[in-house]
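A short write-up of the structure that comes next.
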Amino acid sequence: MLQLNYFLDQIEFFKKGAKKKGIALSWNQLERDLAEIRTLKLQVDKLRQAKNLAAKKRDLKEGKAIKTKLEKLEKPLETRELKLTQELLKVPNAPLPEVPEGNESQNQVLEAVGEPKKFSFSLKDHLELGESLDILDVKAAAKTSGSRFYFLKNEAVELEWALLVWLSDLFKKEGFKLLIPPALVKKEVMLASGFLPLGGDDIYQTTLDELYLVGTAEQSILGYHLNETLSETVLPLRYLGFSPSFRREAGSYGKDIRGIIRTHQFDKLEFFSFVRPEKSEKEHRFLVGLEEKILQALKLPYRKVLLASEDISMASVKTIDLEVWLPSQKRYLEITSCSNCTDWQAWRGNIRYRVAGQQVSRSAGQSKTKYVHTLNGTAAAIGRLLVAIWENYQEKDGSVVVPEVLQPYLTFRKISPH
């Protein structure tokens, strides 16, 4: 059950946020329901106190009368709270003031880093390269699974493994814990992360078990601390998770259908941070910096983009994308994304931390708690990163040079036609 007071205290904040994200909700009805439920809760709390007092007095007659009144109120209250919770789950987090308002056409390019390489020969796109080098097969995947799937083969498999080991080493040095999380999660995890109840069309669901295939390890890593109260001393908690990711790509028909830029299944390295509220903006800058460090080490030209309010997720208050240069299309392609979700996912998932040295009361028996702030981002969407490497590192003879930073992890320096 969601903490309804969380909404009551910030109702105007959420109304403005939903408007900026272009999400229409019945606010008048929500506010009426919130007020009425709060009144009902006060009545129930008073009756429960009276019931306890009657029990201490051993007044059976009064206790029975109070119990009857409670029974008439508790069930309707529970039903109304449950119904209201379903509506409140549709309320998005509110964008920060610096986030431009509008759709993706209002996204702001903050800077471009690196010069796109000039080629003196006719370029191949990643699909042509993959097929000619025998490292990618989409035709065989279409037989086994349908469109928008692929087989990675031969040196491409080793290149993925090299990326994973290199990035794991990099993130371990930065204090991240490594995880391989489950690829199937419960509905409550999807709800907590904000991918449900809206957005369900893009998620694969099992019909018998009501489990959901993750579209990113963000979902399962958030669930790792679901309904927990963490010690302040362990924060920040930083995780790097590797998982297959599954997306139906609903509404994307006809968009990036060639090759493996937009597929139903791909491997992904995702990082996730649990931090104290006052540290989340600094953490966001730190995480974006790590994403930039990866592309700079791979010597891939990219640009940094601040997403507009209608182009960020339900959970995000601010999202920075990095877009890598794709030579065959002469455009930048989203390669990583990093979002600050403040306490929005934490209150949905009931993830708190205990503030050191601040005791509420002796009778409470616990320290003061607050919701953590959560942040997530892409270390590597493997398919797209391979696309960027192949195209930017291709040579006239059709081969692909391995980026220097990955060469220590491989037995070859170049992928050549067989």
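Every chain in the structure tokens takes a letter, A first, then B, and so on in the order presented; its residues are numbered from 1, and the ligands are numbered from 1 following the presented order.
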Practice problem: Can you pull out every residue within 10 Å of region 402-406 of chain A, counting only C-alpha atoms, but drop anything in the same chain fewer than 2 positions away, and send it as number ranges by chain? | Solution: A: 159, 162-163, 165-167, 294, 297-300, 389-390, 392-394, 399-400, 408-410, 412-415
Practice problem: Just the residues within 8 Å of region 200-202 of chain A, please, counting only C-alpha atoms, with nothing from its chain fewer than 5 positions along; format it as a list of chain:residue names. | Solution: A:Phe195, A:Arg247, A:Arg248, A:Glu249, A:Ala250
Exercise. Using DSSP on the backbone coordinates, identify the residues of region 284-390 of chain A assigned to helix (DSSP H, G or I); present them as an MDAnalysis selection string.
Key: chainID A and resid 284:297 309:311 344:349 382:390
How about saving the chosen residues, N, CA and C atoms kept, as a compact mmCIF listing (two decimals), in the first residue's frame?
```txt
# COMPACT_ATOMS: atom_id res chain seq x y z
N HIS A 284 24.16 12.00 -10.08
CA HIS A 284 23.77 12.02 -11.49
C HIS A 284 24.92 12.50 -12.37
N ARG A 285 25.57 13.56 -11.96
CA ARG A 285 26.71 14.07 -12.72
C ARG A 285 27.84 13.04 -12.77
N PHE A 286 28.06 12.36 -11.66
CA PHE A 286 29.10 11.32 -11.59
C PHE A 286 28.81 10.18 -12.56
N LEU A 287 27.56 9.74 -12.61
CA LEU A 287 27.19 8.62 -13.46
C LEU A 287 27.26 8.98 -14.94
N VAL A 288 26.79 10.18 -15.27
CA VAL A 288 26.91 10.63 -16.67
C VAL A 288 28.39 10.71 -17.06
N GLY A 289 29.22 11.15 -16.12
CA GLY A 289 30.66 11.21 -16.37
C GLY A 289 31.25 9.85 -16.67
N LEU A 290 30.76 8.82 -16.00
CA LEU A 290 31.23 7.45 -16.28
C LEU A 290 30.83 7.02 -17.69
N GLU A 291 29.60 7.34 -18.07
CA GLU A 291 29.17 7.01 -19.44
C GLU A 291 30.05 7.69 -20.48
N GLU A 292 30.38 8.95 -20.21
CA GLU A 292 31.26 9.67 -21.13
C GLU A 292 32.66 9.05 -21.17
N LYS A 293 33.11 8.62 -20.01
CA LYS A 293 34.44 8.00 -19.92
C LYS A 293 34.52 6.76 -20.81
N ILE A 294 33.42 5.99 -20.88
CA ILE A 294 33.37 4.79 -21.70
C ILE A 294 33.51 5.14 -23.19
N LEU A 295 32.72 6.10 -23.64
CA LEU A 295 32.76 6.46 -25.06
C LEU A 295 34.07 7.12 -25.44
N GLN A 296 34.62 7.89 -24.51
CA GLN A 296 35.92 8.52 -24.79
C GLN A 296 37.03 7.47 -24.88
N ALA A 297 36.97 6.46 -24.02
CA ALA A 297 37.98 5.39 -24.06
C ALA A 297 37.87 4.59 -25.35
N SER A 309 10.75 17.30 -21.09
CA SER A 309 9.88 16.73 -20.06
C SER A 309 9.00 15.58 -20.55
N GLU A 310 8.53 15.64 -21.80
CA GLU A 310 7.67 14.59 -22.31
C GLU A 310 8.46 13.41 -22.88
N ASP A 311 9.79 13.54 -22.90
CA ASP A 311 10.64 12.50 -23.46
C ASP A 311 11.35 11.70 -22.39
N TRP A 344 11.00 8.85 -5.93
CA TRP A 344 9.74 8.38 -6.52
C TRP A 344 9.65 6.86 -6.56
N GLN A 345 10.72 6.19 -7.01
CA GLN A 345 10.72 4.73 -7.02
C GLN A 345 10.81 4.17 -5.60
N ALA A 346 11.52 4.90 -4.74
CA ALA A 346 11.73 4.41 -3.37
C ALA A 346 10.44 4.35 -2.58
N TRP A 347 9.56 5.39 -2.73
CA TRP A 347 8.31 5.30 -1.96
C TRP A 347 7.37 4.27 -2.55
N ARG A 348 7.44 4.07 -3.87
CA ARG A 348 6.62 3.01 -4.47
C ARG A 348 7.09 1.64 -4.02
N GLY A 349 8.41 1.49 -3.84
CA GLY A 349 8.98 0.21 -3.42
C GLY A 349 9.27 0.13 -1.94
N ILE A 382 24.57 -3.51 -25.41
CA ILE A 382 25.61 -4.18 -26.18
C ILE A 382 25.38 -4.11 -27.69
N GLY A 383 24.15 -4.38 -28.13
CA GLY A 383 23.88 -4.37 -29.56
C GLY A 383 24.23 -3.04 -30.20
N ARG A 384 23.77 -1.96 -29.63
CA ARG A 384 24.03 -0.64 -30.21
C ARG A 384 25.51 -0.26 -30.11
N LEU A 385 26.15 -0.69 -29.04
CA LEU A 385 27.58 -0.37 -28.90
C LEU A 385 28.39 -1.12 -29.95
N LEU A 386 28.02 -2.37 -30.23
CA LEU A 386 28.69 -3.11 -31.30
C LEU A 386 28.48 -2.44 -32.65
N VAL A 387 27.25 -1.98 -32.89
CA VAL A 387 26.95 -1.26 -34.13
C VAL A 387 27.89 -0.07 -34.29
N ALA A 388 28.02 0.71 -33.21
CA ALA A 388 28.85 1.92 -33.27
C ALA A 388 30.32 1.58 -33.50
N ILE A 389 30.80 0.53 -32.84
CA ILE A 389 32.20 0.12 -33.01
C ILE A 389 32.45 -0.36 -34.43
N TRP A 390 31.60 -1.26 -34.93
CA TRP A 390 31.81 -1.80 -36.28
C TRP A 390 31.85 -0.68 -37.32
```
Practice problem: Give me the residues within 8 Å of Val109 (chain A) as a PyMOL selection string, counting only C-alpha atoms and dropping any in the same chain fewer than 4 places off. | Solution: chain A and resi 303-306
Quiz item: When DSSP works through the backbone of this structure, what residues of region 73-219 of chain A end up as strand (DSSP E or B), shown as an MDAnalysis selection string?
Solution: chainID A and resid 108:113 136:137 151:152 177:179 184:186 205 211:213
Practice problem: For Glu228 (chain A), list every protein, DNA or RNA residue within 7 Å, evaluated using only C-alpha atoms, and leave out those in the same chain fewer than 6 positions away; present the list as a PyMOL selection string. | Solution: chain A and resi 350-352
Self-check item: Using only C-alpha atoms: which of A:Gly194, A:Gly146, A:Gly199, A:Gly241 has the shortest distance to Lys177 (chain A)
Solution: A:Gly241
Practice problem: For Leu133 (chain A), please output as number ranges by chain all residues within 9 Å (counting only C-alpha atoms; exclusion window: fewer than 4 positions along the same chain). | Solution: A: 128-129, 155, 398-400, 415-418
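Pairwise distance (CA of Leu375 (chain A), CA of Val324 (chain A)) equals 21.9 Å.
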Practice problem: Using only C-alpha atoms, determine which residues lie at most 9 Å from Leu70 (chain A), disregarding the query and same-chain residues fewer than 3 positions distant; provide the list as a PyMOL selection string. | Solution: chain A and resi 43-44+47-48+65-67+73-75
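The closest residue to Ile221 (chain A), picked from A:Leu96, A:Leu326, A:Ala192, A:Leu40 and counting only C-alpha atoms, is A:Ala192.
Minimum atom-to-atom distance to Gly215 (chain A), evaluated using only C-alpha atoms, belongs to A:Ala381 out of A:Lys117, A:Cys341, A:Val138, A:Ala381.
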Residue contacts of Gly259 (chain A) (8 Å, only C-alpha atoms) excluding same-chain residues fewer than 4 positions away, as a JSON list (two decimals) with C-alpha atoms, in the first residue's frame:
```json
[["chain", "number", "residue", "atom", "x", "y", "z"],
["A", 126, "HIS", "CA", 26.57, -2.54, -39.52],
["A", 127, "LEU", "CA", 24.35, -5.18, -41.10],
["A", 138, "VAL", "CA", 19.45, -11.95, -38.58],
["A", 148, "ARG", "CA", 13.99, -8.09, -34.67]]
```
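Between CA of Ser339 (chain A) and CA of Leu230 (chain A) lies a distance of 21.7 Å.
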